[in-house]
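Peer 1: start.txt is reproduced below (compact mmCIF, C-alpha atoms and all ligand atoms).
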```
# COMPACT_ATOMS: atom_id res chain seq x y z
CA MET A 30 -4.76 -21.82 5.57
CA THR A 31 -6.32 -18.80 7.30
CA ILE A 32 -4.84 -15.37 6.80
CA LEU A 33 -5.49 -12.43 9.11
CA VAL A 34 -5.62 -9.35 6.88
CA THR A 35 -5.11 -6.27 9.04
CA GLY A 36 -6.25 -3.03 7.39
CA GLY A 37 -8.28 -5.21 5.03
CA ALA A 38 -10.98 -2.55 4.67
CA GLY A 39 -8.41 -0.15 3.21
CA TYR A 40 -7.27 0.41 -0.35
CA ILE A 41 -4.58 -2.24 -0.85
CA GLY A 42 -5.99 -4.61 1.77
CA SER A 43 -9.45 -4.83 0.16
CA HIS A 44 -7.98 -5.70 -3.25
CA THR A 45 -5.71 -8.26 -1.64
CA CYS A 46 -8.65 -9.93 0.16
CA ILE A 47 -10.20 -10.66 -3.24
CA GLU A 48 -6.99 -12.20 -4.62
CA LEU A 49 -6.49 -14.28 -1.46
CA VAL A 50 -10.00 -15.73 -1.68
CA LYS A 51 -9.47 -16.40 -5.41
CA ALA A 52 -6.29 -18.28 -4.54
CA GLY A 53 -8.22 -20.49 -2.08
CA TYR A 54 -7.24 -18.93 1.27
CA ASP A 55 -9.63 -18.34 4.15
CA ILE A 56 -9.41 -14.79 5.46
CA VAL A 57 -10.28 -12.84 8.58
CA VAL A 58 -10.23 -9.05 8.27
CA ALA A 59 -9.48 -6.64 11.12
CA ASP A 60 -9.69 -2.87 10.78
CA ASP A 61 -10.66 0.05 13.00
CA PHE A 62 -11.96 2.19 10.09
CA ALA A 63 -9.44 4.95 10.86
CA ASN A 64 -9.26 5.42 7.08
CA SER A 65 -11.98 3.15 5.71
CA CYS A 66 -15.58 2.09 6.25
CA MET A 67 -17.97 -0.87 6.44
CA GLU A 68 -19.20 -0.29 2.89
CA ALA A 69 -15.72 -1.19 1.62
CA VAL A 70 -15.97 -4.49 3.52
CA ARG A 71 -19.47 -5.20 2.14
CA ARG A 72 -18.34 -4.59 -1.42
CA THR A 73 -15.17 -6.61 -0.98
CA ARG A 74 -17.21 -9.54 0.37
CA LYS A 75 -19.50 -9.30 -2.67
CA LEU A 76 -16.60 -9.20 -5.15
CA ALA A 77 -14.84 -12.05 -3.34
CA GLY A 78 -18.07 -14.06 -3.24
CA VAL A 79 -17.49 -14.92 0.43
CA GLU A 80 -18.94 -13.47 3.66
CA PHE A 81 -15.52 -13.54 5.35
CA PRO A 82 -15.38 -12.60 9.03
CA PHE A 83 -14.70 -8.98 9.88
CA GLU A 84 -13.64 -7.60 13.28
CA LYS A 85 -13.63 -3.89 14.02
CA ILE A 86 -10.67 -3.49 16.34
CA ASP A 87 -7.86 -1.06 16.96
CA LEU A 88 -4.74 -3.20 16.76
CA THR A 89 -2.85 -0.94 19.13
CA ASP A 90 -5.15 -2.45 21.79
CA TYR A 91 -3.09 -5.41 23.04
CA ASP A 92 -6.00 -7.16 24.81
CA ALA A 93 -8.32 -6.86 21.81
CA THR A 94 -5.57 -8.22 19.56
CA GLN A 95 -4.98 -11.20 21.88
CA LYS A 96 -8.73 -11.90 21.85
CA LEU A 97 -8.74 -11.82 18.06
CA PHE A 98 -6.15 -14.59 18.04
CA ASP A 99 -8.09 -16.50 20.71
CA LYS A 100 -11.18 -16.40 18.51
CA TYR A 101 -9.64 -17.45 15.18
CA GLN A 102 -7.05 -20.06 14.25
CA ILE A 103 -4.65 -17.82 12.27
CA ASP A 104 -1.81 -19.26 10.17
CA ALA A 105 -0.35 -16.05 8.77
CA VAL A 106 -0.78 -12.29 9.09
CA ILE A 107 -0.67 -9.76 6.27
CA HIS A 108 -0.24 -6.45 8.03
CA PHE A 109 -1.61 -3.53 5.99
CA ALA A 110 -3.04 -1.59 8.94
CA GLY A 111 -1.31 1.71 9.50
CA LEU A 112 -1.51 5.43 8.98
CA LYS A 113 0.07 6.45 5.69
CA ALA A 114 -0.22 10.17 4.92
CA VAL A 115 3.33 11.45 4.54
CA GLY A 116 2.50 15.16 5.08
CA GLU A 117 0.25 14.50 8.07
CA SER A 118 2.95 12.35 9.67
CA GLY A 119 5.21 15.42 9.81
CA LYS A 120 2.52 17.32 11.73
CA ILE A 121 1.51 14.57 14.19
CA PRO A 122 4.56 12.29 14.34
CA LEU A 123 3.72 10.79 17.75
CA THR A 124 0.34 9.62 16.45
CA TYR A 125 2.13 7.91 13.56
CA TYR A 126 4.82 6.29 15.71
CA HIS A 127 2.23 5.18 18.26
CA ASN A 128 -0.25 3.75 15.76
CA ASN A 129 2.14 2.08 13.33
CA LEU A 130 4.63 0.71 15.86
CA ASP A 131 2.18 -0.32 18.59
CA SER A 132 -0.16 -2.10 16.18
CA THR A 133 2.79 -4.11 14.87
CA LEU A 134 4.13 -4.92 18.35
CA SER A 135 0.67 -5.88 19.56
CA LEU A 136 0.29 -8.27 16.60
CA LEU A 137 3.74 -9.77 17.18
CA GLU A 138 2.96 -10.35 20.87
CA ALA A 139 -0.35 -12.01 20.04
CA MET A 140 1.35 -14.11 17.38
CA LYS A 141 3.99 -15.20 19.87
CA SER A 142 1.45 -16.28 22.49
CA HIS A 143 -0.53 -18.20 19.84
CA SER A 144 2.52 -19.69 18.04
CA VAL A 145 1.77 -17.97 14.74
CA LYS A 146 5.01 -17.58 12.83
CA ASN A 147 4.21 -16.03 9.46
CA PHE A 148 4.10 -12.28 8.86
CA ILE A 149 3.93 -10.20 5.68
CA PHE A 150 4.52 -6.49 6.09
CA SER A 151 3.54 -3.54 3.86
CA SER A 152 6.79 -1.64 3.62
CA SER A 153 7.64 1.10 1.15
CA ALA A 154 10.28 2.12 -1.35
CA THR A 155 10.78 5.14 0.89
CA VAL A 156 13.11 3.01 3.09
CA TYR A 157 15.81 3.22 0.40
CA GLY A 158 16.14 6.94 1.21
CA PRO A 159 17.19 9.80 -1.02
CA GLU A 160 20.72 8.61 -1.86
CA ALA A 161 20.01 5.11 -3.22
CA PRO A 162 20.97 4.43 -6.86
CA VAL A 163 18.06 3.91 -9.29
CA PRO A 164 16.63 1.39 -9.98
CA TYR A 165 16.20 0.44 -6.32
CA ASN A 166 17.54 -3.02 -5.68
CA GLU A 167 17.03 -5.16 -2.56
CA ALA A 168 20.81 -5.47 -2.17
CA THR A 169 21.03 -1.71 -1.54
CA PRO A 170 21.16 -1.06 2.22
CA VAL A 171 18.23 0.89 3.62
CA SER A 172 18.76 4.52 4.49
CA ARG A 173 19.52 5.52 8.10
CA ILE A 174 16.49 7.80 8.02
CA THR A 175 13.70 8.51 5.54
CA SER A 176 12.07 11.78 4.48
CA SER A 177 9.13 11.55 6.93
CA PRO A 178 7.97 10.13 10.26
CA TYR A 179 5.68 7.86 8.21
CA GLY A 180 8.69 6.50 6.34
CA ASN A 181 10.62 6.15 9.58
CA THR A 182 7.87 3.91 10.99
CA LYS A 183 8.39 1.60 7.99
CA LEU A 184 12.13 1.57 8.58
CA MET A 185 11.70 0.87 12.31
CA ILE A 186 9.21 -1.93 11.73
CA GLU A 187 11.60 -3.51 9.23
CA TYR A 188 14.26 -3.53 12.00
CA ILE A 189 11.82 -4.99 14.54
CA LEU A 190 10.94 -7.81 12.15
CA LYS A 191 14.59 -8.50 11.30
CA ASP A 192 15.36 -8.82 15.04
CA GLU A 193 12.35 -11.07 15.60
CA VAL A 194 13.47 -13.42 12.82
CA LYS A 195 16.94 -13.62 14.42
CA ALA A 196 15.54 -14.28 17.88
CA ASN A 197 12.68 -16.61 17.05
CA PRO A 198 13.63 -19.69 15.00
CA GLY A 199 10.90 -20.64 12.55
CA PHE A 200 9.55 -17.08 12.39
CA ASN A 201 9.07 -15.90 8.80
CA ALA A 202 8.88 -12.21 7.93
CA VAL A 203 8.35 -10.99 4.39
CA LEU A 204 9.00 -7.28 3.90
CA LEU A 205 7.33 -6.10 0.72
CA ARG A 206 8.51 -2.69 -0.46
CA TYR A 207 5.76 -1.14 -2.53
CA PHE A 208 6.43 1.49 -5.16
CA ASN A 209 3.47 3.73 -6.16
CA PRO A 210 0.21 1.77 -5.94
CA VAL A 211 -2.59 3.13 -8.17
CA GLY A 212 -5.56 1.65 -10.06
CA ALA A 213 -8.71 0.02 -8.79
CA HIS A 214 -10.65 -3.22 -9.11
CA GLU A 215 -11.91 -3.61 -12.70
CA SER A 216 -15.53 -3.60 -11.47
CA GLY A 217 -15.21 0.00 -10.31
CA GLU A 218 -16.78 -1.06 -7.00
CA ILE A 219 -13.73 -0.55 -4.79
CA GLY A 220 -10.77 1.81 -5.07
CA GLU A 221 -8.74 4.42 -3.27
CA ASN A 222 -10.91 6.67 -1.10
CA PRO A 223 -8.76 9.43 0.39
CA ASN A 224 -10.05 11.77 3.08
CA GLY A 225 -10.13 15.46 2.12
CA ILE A 226 -7.99 16.86 -0.69
CA PRO A 227 -5.70 14.10 -1.96
CA ASN A 228 -1.95 14.52 -1.60
CA ASN A 229 -1.03 11.77 -4.01
CA LEU A 230 -1.06 12.31 -7.76
CA MET A 231 -3.54 9.70 -8.99
CA PRO A 232 -6.47 10.45 -6.67
CA TYR A 233 -5.92 14.19 -7.26
CA VAL A 234 -6.04 13.75 -11.04
CA ALA A 235 -9.14 11.54 -10.71
CA GLN A 236 -10.94 14.22 -8.69
CA VAL A 237 -10.10 16.86 -11.30
CA ALA A 238 -11.50 14.51 -13.96
CA VAL A 239 -14.77 14.14 -12.07
CA GLY A 240 -15.06 17.90 -11.47
CA LYS A 241 -14.45 17.90 -7.71
CA LEU A 242 -11.20 19.83 -8.13
CA ASP A 243 -10.43 22.49 -10.76
CA MET A 244 -6.88 22.01 -11.85
CA ILE A 245 -3.93 19.64 -11.57
CA HIS A 246 -0.77 21.24 -10.17
CA ILE A 247 2.34 19.51 -11.46
CA PHE A 248 5.05 19.95 -8.85
CA GLY A 249 8.18 20.88 -10.80
CA ASN A 250 8.93 20.77 -14.54
CA ASP A 251 12.65 21.50 -14.29
CA TYR A 252 13.90 18.11 -13.07
CA ASP A 253 16.64 16.32 -14.97
CA THR A 254 14.15 13.91 -16.59
CA PRO A 255 13.00 13.58 -20.23
CA ASP A 256 10.03 15.98 -19.86
CA GLY A 257 11.21 17.77 -16.70
CA THR A 258 8.58 16.19 -14.40
CA CYS A 259 9.27 13.46 -11.82
CA LEU A 260 9.35 9.77 -12.69
CA ARG A 261 7.70 7.13 -10.50
CA ASP A 262 7.04 3.41 -10.70
CA TYR A 263 3.23 3.23 -10.68
CA ILE A 264 1.92 -0.27 -10.00
CA HIS A 265 -1.67 -1.49 -10.41
CA VAL A 266 -3.17 -2.36 -7.03
CA VAL A 267 -4.40 -5.73 -8.34
CA ASP A 268 -0.88 -6.66 -9.45
CA LEU A 269 0.31 -5.58 -6.00
CA ALA A 270 -2.39 -7.71 -4.38
CA LYS A 271 -1.22 -10.72 -6.41
CA GLY A 272 2.30 -10.07 -5.15
CA HIS A 273 1.04 -10.88 -1.64
CA VAL A 274 -0.40 -14.19 -2.78
CA ALA A 275 3.00 -14.98 -4.34
CA ALA A 276 4.71 -13.99 -1.08
CA LEU A 277 2.61 -16.55 0.82
CA LYS A 278 4.24 -19.27 -1.28
CA LYS A 279 7.61 -18.02 -0.05
CA ILE A 280 6.36 -18.20 3.54
CA LYS A 281 5.44 -21.85 3.00
CA GLU A 282 9.10 -22.47 2.13
CA ASN A 283 10.04 -21.19 5.62
CA CYS A 284 11.96 -18.27 4.18
CA GLY A 285 12.98 -16.62 7.47
CA LEU A 286 13.60 -13.00 6.52
CA PHE A 287 12.67 -12.22 2.93
CA VAL A 288 12.79 -8.69 1.50
CA CYS A 289 11.32 -7.91 -1.89
CA ASN A 290 10.36 -4.95 -4.08
CA LEU A 291 6.92 -4.86 -5.64
CA GLY A 292 7.16 -2.55 -8.63
CA THR A 293 7.04 -2.70 -12.41
CA GLY A 294 10.60 -1.60 -13.17
CA LYS A 295 9.38 1.29 -15.31
CA GLY A 296 9.35 5.02 -14.54
CA THR A 297 6.45 7.15 -15.79
CA SER A 298 6.44 10.94 -15.64
CA VAL A 299 3.74 13.10 -14.06
CA LEU A 300 2.92 14.55 -17.48
CA GLU A 301 2.62 11.08 -19.03
CA MET A 302 0.28 10.10 -16.23
CA VAL A 303 -1.93 13.17 -16.76
CA LYS A 304 -2.08 12.46 -20.51
CA ALA A 305 -2.98 8.79 -19.97
CA PHE A 306 -5.75 9.77 -17.55
CA SER A 307 -7.07 12.35 -20.04
CA LYS A 308 -7.40 9.51 -22.54
CA SER A 309 -9.25 7.33 -20.01
CA CYS A 310 -11.81 10.00 -19.14
CA GLY A 311 -12.14 11.31 -22.70
CA LYS A 312 -11.21 14.94 -22.03
CA ASP A 313 -8.04 17.01 -21.77
CA LEU A 314 -7.51 17.59 -18.07
CA PRO A 315 -6.42 21.11 -17.08
CA TYR A 316 -2.97 21.35 -15.50
CA GLU A 317 -0.43 23.96 -14.58
CA PHE A 318 3.17 23.75 -13.51
CA ALA A 319 3.82 24.62 -9.88
CA PRO A 320 7.01 24.81 -7.78
CA ARG A 321 8.73 21.58 -6.76
CA ARG A 322 7.26 19.87 -3.67
CA GLU A 323 9.69 19.67 -0.78
CA GLY A 324 11.13 16.20 -0.26
CA ASP A 325 10.29 14.87 -3.75
CA LEU A 326 12.95 12.87 -5.52
CA PRO A 327 13.38 13.41 -9.28
CA ALA A 328 13.07 9.78 -10.30
CA PHE A 329 12.96 6.29 -8.85
CA TRP A 330 11.66 2.91 -9.85
CA ALA A 331 12.09 -0.70 -8.82
CA ASP A 332 14.48 -3.32 -10.01
CA PRO A 333 11.80 -6.04 -10.26
CA ALA A 334 14.19 -8.91 -11.12
CA PHE A 335 14.36 -10.40 -7.62
CA ALA A 336 10.55 -10.62 -7.35
CA LYS A 337 10.42 -12.40 -10.68
CA GLU A 338 13.19 -14.83 -9.76
CA GLN A 339 12.07 -15.57 -6.20
CA LEU A 340 8.29 -15.22 -6.33
CA GLY A 341 7.64 -15.87 -10.01
CA TRP A 342 5.70 -12.61 -9.85
CA VAL A 343 5.66 -9.86 -12.47
CA ALA A 344 3.38 -6.82 -12.65
CA GLU A 345 1.24 -7.17 -15.77
CA LYS A 346 -1.01 -4.14 -16.01
CA GLY A 347 0.12 -1.00 -17.81
CA ILE A 348 -0.46 2.71 -17.19
CA GLN A 349 -3.52 2.97 -19.43
CA GLU A 350 -5.27 0.12 -17.61
CA MET A 351 -4.42 1.75 -14.26
CA CYS A 352 -6.01 5.03 -15.41
CA ASP A 353 -9.04 3.30 -17.00
CA ASP A 354 -9.74 1.42 -13.76
CA VAL A 355 -9.36 4.52 -11.56
CA TRP A 356 -11.69 6.43 -13.88
CA ARG A 357 -14.30 3.65 -13.66
CA TRP A 358 -14.10 3.71 -9.84
CA GLN A 359 -14.10 7.52 -9.57
CA SER A 360 -16.89 8.12 -12.09
CA LYS A 361 -19.12 5.45 -10.52
CA ASN A 362 -18.35 6.77 -7.01
CA PRO A 363 -17.57 10.49 -7.30
CA ALA A 364 -17.89 10.93 -3.53
CA GLY A 365 -16.09 7.68 -2.68
CA PHE A 366 -17.85 5.06 -0.57
CA PRO A 367 -21.28 6.14 0.70
CA GLN A 368 -21.15 6.97 4.41
CA ASP A 369 -22.87 4.51 6.75
P1 LIG B 1 -5.35 2.60 3.73
O1 LIG B 1 -5.34 3.74 4.66
O2 LIG B 1 -6.37 2.57 2.65
O3 LIG B 1 -5.47 1.21 4.55
C1 LIG B 1 -4.93 1.06 5.85
C2 LIG B 1 -6.06 0.52 6.73
O4 LIG B 1 -5.54 0.34 8.06
C3 LIG B 1 -7.24 1.46 6.85
O5 LIG B 1 -8.41 0.76 6.50
C4 LIG B 1 -7.26 1.89 8.32
O6 LIG B 1 -8.57 2.08 8.80
C5 LIG B 1 -6.55 0.72 8.98
N1 LIG B 1 -5.89 1.03 10.25
C6 LIG B 1 -5.01 2.03 10.51
N2 LIG B 1 -4.60 1.97 11.80
C7 LIG B 1 -5.23 0.89 12.36
C8 LIG B 1 -5.23 0.30 13.64
N3 LIG B 1 -4.50 0.82 14.65
N4 LIG B 1 -5.98 -0.78 13.87
C9 LIG B 1 -6.74 -1.32 12.87
N5 LIG B 1 -6.78 -0.81 11.63
C10 LIG B 1 -6.04 0.29 11.38
O7 LIG B 1 -3.88 2.46 3.12
P2 LIG B 1 -3.35 1.56 1.93
O8 LIG B 1 -2.98 2.46 0.81
O9 LIG B 1 -4.26 0.43 1.67
O10 LIG B 1 -1.99 1.04 2.57
C11 LIG B 1 -1.89 -0.21 3.21
C12 LIG B 1 -0.49 -0.35 3.79
O11 LIG B 1 0.46 -0.24 2.74
C13 LIG B 1 -0.13 0.73 4.81
O12 LIG B 1 0.64 0.14 5.83
C14 LIG B 1 0.70 1.69 4.00
O13 LIG B 1 1.60 2.41 4.81
C15 LIG B 1 1.43 0.75 3.07
N6 LIG B 1 1.89 1.42 1.84
C16 LIG B 1 0.97 2.10 1.08
C17 LIG B 1 1.40 2.77 -0.06
C18 LIG B 1 0.42 3.55 -0.90
O14 LIG B 1 0.85 4.34 -1.72
N7 LIG B 1 -0.90 3.35 -0.77
C19 LIG B 1 2.75 2.73 -0.44
C20 LIG B 1 3.66 2.00 0.36
C21 LIG B 1 3.19 1.35 1.51
C1 LIG B 2 4.56 9.57 -1.74
C2 LIG B 2 5.45 9.38 -0.53
C3 LIG B 2 5.75 7.90 -0.32
C4 LIG B 2 4.47 7.10 -0.29
C5 LIG B 2 3.67 7.39 -1.57
C6 LIG B 2 2.37 6.68 -1.63
C7 LIG B 2 6.75 11.44 -0.32
C8 LIG B 2 8.11 12.05 -0.44
N1 LIG B 2 6.67 10.15 -0.66
O1 LIG B 2 5.30 9.15 -2.87
O2 LIG B 2 6.45 7.72 0.88
O3 LIG B 2 4.76 5.71 -0.19
O4 LIG B 2 3.42 8.79 -1.64
O5 LIG B 2 1.52 7.11 -0.60
O6 LIG B 2 5.79 12.09 0.04
N2 LIG B 2 2.48 15.26 -7.88
C9 LIG B 2 2.09 16.38 -8.56
N3 LIG B 2 0.91 16.97 -8.21
C10 LIG B 2 0.11 16.47 -7.21
C11 LIG B 2 0.53 15.32 -6.52
C12 LIG B 2 1.73 14.74 -6.88
O7 LIG B 2 2.76 16.85 -9.47
O8 LIG B 2 -0.95 17.05 -6.94
C13 LIG B 2 3.74 14.59 -8.28
C14 LIG B 2 4.77 14.51 -7.17
O9 LIG B 2 5.57 15.63 -7.18
C15 LIG B 2 5.53 13.22 -7.56
C16 LIG B 2 4.47 12.37 -8.28
O10 LIG B 2 3.42 13.26 -8.65
O11 LIG B 2 6.51 13.56 -8.48
C17 LIG B 2 3.92 11.27 -7.42
O12 LIG B 2 3.50 11.84 -6.19
P1 LIG B 2 2.72 11.00 -5.07
O13 LIG B 2 1.56 10.31 -5.69
O14 LIG B 2 2.46 11.91 -3.93
O15 LIG B 2 3.74 9.86 -4.65
P2 LIG B 2 5.29 9.99 -4.17
O16 LIG B 2 5.64 11.38 -3.85
O17 LIG B 2 6.12 9.26 -5.14
```
Could you render the structure from this file as structure tokens?

Peer 2:
Amino acid sequence: MTILVTGGAGYIGSHTCIELVKAGYDIVVADDFANSCMEAVRRTRKLAGVEFPFEKIDLTDYDATQKLFDKYQIDAVIHFAGLKAVGESGKIPLTYYHNNLDSTLSLLEAMKSHSVKNFIFSSSATVYGPEAPVPYNEATPVSRITSSPYGNTKLMIEYILKDEVKANPGFNAVLLRYFNPVGAHESGEIGENPNGIPNNLMPYVAQVAVGKLDMIHIFGNDYDTPDGTCLRDYIHVVDLAKGHVAALKKIKENCGLFVCNLGTGKGTSVLEMVKAFSKSCGKDLPYEFAPRREGDLPAFWADPAFAKEQLGWVAEKGIQEMCDDVWRWQSKNPAGFPQD
């Protein structure tokens, strides 16, 4: 079975390529390097032990996407490609709507003309919106709107896929709602490689640990949580990658529409995260409390029961392992991937 991995040069996609190869799948990777580079592909090939085909294409280009499907016999698509910076999406919303929606529509058109009927989509816990009860459960309806244009693209793509399943018998769409992916491959060869100053907690903390940034700013210590800082469901990227392999089994059962959380079911506070990372890097990391960040929710985590029941998948790696692996990646590659 051959899987087209879009965005496979990126953070989650590269880790998933390795797990797919391990599980015996053939893969083809397509990425335009909007947020990644060829070195990530080279290292992923090395870790996977396979020189899998790579195509540099912008998936919003309908003709190029059709040609990709002409060239390879694809059985299923795992669609990671997309722009994902929440703050940036508020500044350039049209770029986000254009890139994330058009790339998905272009893939769906190419799939239709080549009779490919299996699609796995990288959605996000953000679709539950600010009012959903915690833990987030798949039975909870999605919000009418999310907190950002980025989140709205996820919501809209979920609707597109739901409609396509209704209209196209035999079409299978798995919507995987990720919680907070962190961690890196245990080799320290690949990991998250953000552009500029990171917005997300883990890469920011890692850059303080390696001396690129001076101080961690903890956004809010007056939330109604045990230590006053926000709680999130951090999930190791390798566990998340394995969740995609499990989802392929569901596709083989002709699941139609299948929606599933990928999280651990456990909330960890910002302070706990900083302390765990300090242990991994062997020094107390400097932090200060700062005002709350607009749009942040105090606490949310996944109800992981449905994933366990339906996919037989459970996240196995704990917070310390996530921090140890990020530290290995960051300390081996303080400047991220070398530029080509
Ligand atoms: P990433 O930026 O590392 O990977 C996305 C990849 O898609 C990049 O390599 C980028 O170059 C590529 N890409 C973007 N637009 C493209 C286009 N038009 N054509 C071809 N390639 C294109 O991000 P990631 O963290 O690996 O996230 C993967 C997916 O998971 C994204 O869809 C993201 O929205 C979703 N997601 C991520 C998180 C997270 O915290 N990382 C959480 C929830 C959902
Ligand atoms: C954010 C996005 C979410 C996206 C996810 C992963 C919002 C509202 N949500 O989630 O849609 O899927 O990123 O890309 O933007 N923190 C600090 N200091 C920092 C950075 C973060 O204290 O320098 C805190 C935040 O306030 C939050 C926690 O750490 O409480 C996690 O933040 P972050 O890693 O940005 O993820 P989310 O906000 O949960």

Peer 1: Could you check which residues have any atom within 10 Å of (-18.0, -0.4, -7.8), counting all atoms listed in the file with coordinates taken straight from the file, and then list them as a ChimeraX atom specification?

Peer 2: /A:69,72-73,76,213-220,357-362,365-366

Peer 1: Can you tell me, as a PyMOL selection string, which residues sit within 12 Å of (-27.9, 3.4, 4.9) in the file's frame, using all atoms listed in the file?

Peer 2: chain A and resi 67-68+366-369

Peer 1: Using all atoms listed in the file, determine which residues fall within 6 Å of ligand LIG 1 (chain B), then list them as number ranges by chain.

Peer 2: A: 36, 38-42, 60-65, 86-89, 109-113, 128, 132, 151-153, 207, 209-210

Peer 1: Ranking A:His265, A:Lys312, A:Lys346, A:Arg206 by minimum distance to ligand LIG 2 (chain B) and counting all atoms listed in the file, which one comes first?

Peer 2: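 Going through A:His265, A:Lys312, A:Lys346, A:Arg206 one by one, the smallest distance to ligand LIG 2 (chain B) is for A:Arg206.
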
Peer 1: Considering all atoms listed in the file, tabulate each residue of chain A that lies at most 7 Å from ligand LIG 2 (chain B) along with its nearest interatomic pair and the corresponding distance in Å to one decimal; arrange the rows by chain and ascending residue number and present them as a Markdown table.

Peer 2:
```
| residue | atom | partner | partner_atom | distance |
| --- | --- | --- | --- | --- |
| A:Lys113 | CA | B:LIG2 | O5 | 6.5 |
| A:Ala114 | CA | B:LIG2 | O5 | 6.5 |
| A:Val115 | CA | B:LIG2 | O6 | 5.2 |
| A:Gly116 | CA | B:LIG2 | O6 | 6.8 |
| A:Ser153 | CA | B:LIG2 | O3 | 5.6 |
| A:Ala154 | CA | B:LIG2 | O3 | 6.7 |
| A:Thr155 | CA | B:LIG2 | O2 | 5.0 |
| A:Ser176 | CA | B:LIG2 | C8 | 6.3 |
| A:Gly180 | CA | B:LIG2 | O2 | 6.0 |
| A:Phe208 | CA | B:LIG2 | O3 | 6.7 |
| A:Asn209 | CA | B:LIG2 | C6 | 5.5 |
| A:Pro210 | CA | B:LIG2 | C6 | 6.9 |
| A:Asn228 | CA | B:LIG2 | C11 | 5.6 |
| A:Asn229 | CA | B:LIG2 | O13 | 3.4 |
| A:Leu230 | CA | B:LIG2 | C11 | 3.6 |
| A:Met231 | CA | B:LIG2 | O13 | 6.1 |
| A:Tyr233 | CA | B:LIG2 | O8 | 5.7 |
| A:Ile245 | CA | B:LIG2 | O8 | 6.1 |
| A:His246 | CA | B:LIG2 | N3 | 5.0 |
| A:Ile247 | CA | B:LIG2 | O7 | 3.3 |
| A:Phe248 | CA | B:LIG2 | O7 | 3.9 |
| A:Gly249 | CA | B:LIG2 | O7 | 6.9 |
| A:Thr258 | CA | B:LIG2 | O11 | 6.8 |
| A:Cys259 | CA | B:LIG2 | O11 | 4.3 |
| A:Leu260 | CA | B:LIG2 | O11 | 6.3 |
| A:Arg261 | CA | B:LIG2 | O17 | 6.0 |
| A:Val299 | CA | B:LIG2 | O10 | 5.4 |
| A:Arg321 | CA | B:LIG2 | O9 | 6.8 |
| A:Arg322 | CA | B:LIG2 | O9 | 5.8 |
| A:Gly324 | CA | B:LIG2 | C8 | 5.1 |
| A:Asp325 | CA | B:LIG2 | C8 | 4.9 |
| A:Pro327 | CA | B:LIG2 | O11 | 6.9 |
```

Peer 1: Export C-alpha atoms of the chosen residues as a PDB file, keeping the file's coordinate frame?

Peer 2:
```pdb
ATOM      1  CA  LYS A 113       0.070   6.450   5.690  1.00  0.00           C
ATOM      2  CA  ALA A 114      -0.220  10.170   4.920  1.00  0.00           C
ATOM      3  CA  VAL A 115       3.330  11.450   4.540  1.00  0.00           C
ATOM      4  CA  GLY A 116       2.500  15.160   5.080  1.00  0.00           C
ATOM      5  CA  SER A 153       7.640   1.100   1.150  1.00  0.00           C
ATOM      6  CA  ALA A 154      10.280   2.120  -1.350  1.00  0.00           C
ATOM      7  CA  THR A 155      10.780   5.140   0.890  1.00  0.00           C
ATOM      8  CA  SER A 176      12.070  11.780   4.480  1.00  0.00           C
ATOM      9  CA  GLY A 180       8.690   6.500   6.340  1.00  0.00           C
ATOM     10  CA  PHE A 208       6.430   1.490  -5.160  1.00  0.00           C
ATOM     11  CA  ASN A 209       3.470   3.730  -6.160  1.00  0.00           C
ATOM     12  CA  PRO A 210       0.210   1.770  -5.940  1.00  0.00           C
ATOM     13  CA  ASN A 228      -1.950  14.520  -1.600  1.00  0.00           C
ATOM     14  CA  ASN A 229      -1.030  11.770  -4.010  1.00  0.00           C
ATOM     15  CA  LEU A 230      -1.060  12.310  -7.760  1.00  0.00           C
ATOM     16  CA  MET A 231      -3.540   9.700  -8.990  1.00  0.00           C
ATOM     17  CA  TYR A 233      -5.920  14.190  -7.260  1.00  0.00           C
ATOM     18  CA  ILE A 245      -3.930  19.640 -11.570  1.00  0.00           C
ATOM     19  CA  HIS A 246      -0.770  21.240 -10.170  1.00  0.00           C
ATOM     20  CA  ILE A 247       2.340  19.510 -11.460  1.00  0.00           C
ATOM     21  CA  PHE A 248       5.050  19.950  -8.850  1.00  0.00           C
ATOM     22  CA  GLY A 249       8.180  20.880 -10.800  1.00  0.00           C
ATOM     23  CA  THR A 258       8.580  16.190 -14.400  1.00  0.00           C
ATOM     24  CA  CYS A 259       9.270  13.460 -11.820  1.00  0.00           C
ATOM     25  CA  LEU A 260       9.350   9.770 -12.690  1.00  0.00           C
ATOM     26  CA  ARG A 261       7.700   7.130 -10.500  1.00  0.00           C
ATOM     27  CA  VAL A 299       3.740  13.100 -14.060  1.00  0.00           C
ATOM     28  CA  ARG A 321       8.730  21.580  -6.760  1.00  0.00           C
ATOM     29  CA  ARG A 322       7.260  19.870  -3.670  1.00  0.00           C
ATOM     30  CA  GLY A 324      11.130  16.200  -0.260  1.00  0.00           C
ATOM     31  CA  ASP A 325      10.290  14.870  -3.750  1.00  0.00           C
ATOM     32  CA  PRO A 327      13.380  13.410  -9.280  1.00  0.00           C
TER      33      PRO A 327
END
```

Peer 1: Given all atoms listed in the file as the basis, pick out the residue of A:Ala364, A:Thr297, A:Pro333, A:Val106 nearest to A:Ile226.

Peer 2: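 Ranking A:Ala364, A:Thr297, A:Pro333, A:Val106 by distance to A:Ile226, first place goes to A:Ala364.
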
Peer 1: Which neighbours of A:Val34 fall inside 10 Å, counting only C-alpha atoms, when residues of the same chain fewer than 5 positions from it are skipped, and could you give them as a list in words?

Peer 2: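 My list of contacting residues is Gly42, Ser43, Thr45, Cys46, Leu49, Ile56, Val57, Val58, Ala59, Asp60, Phe83, Ala105, Val106, Ile107, His108, Phe109, Ala110 and Ile149 of chain A.
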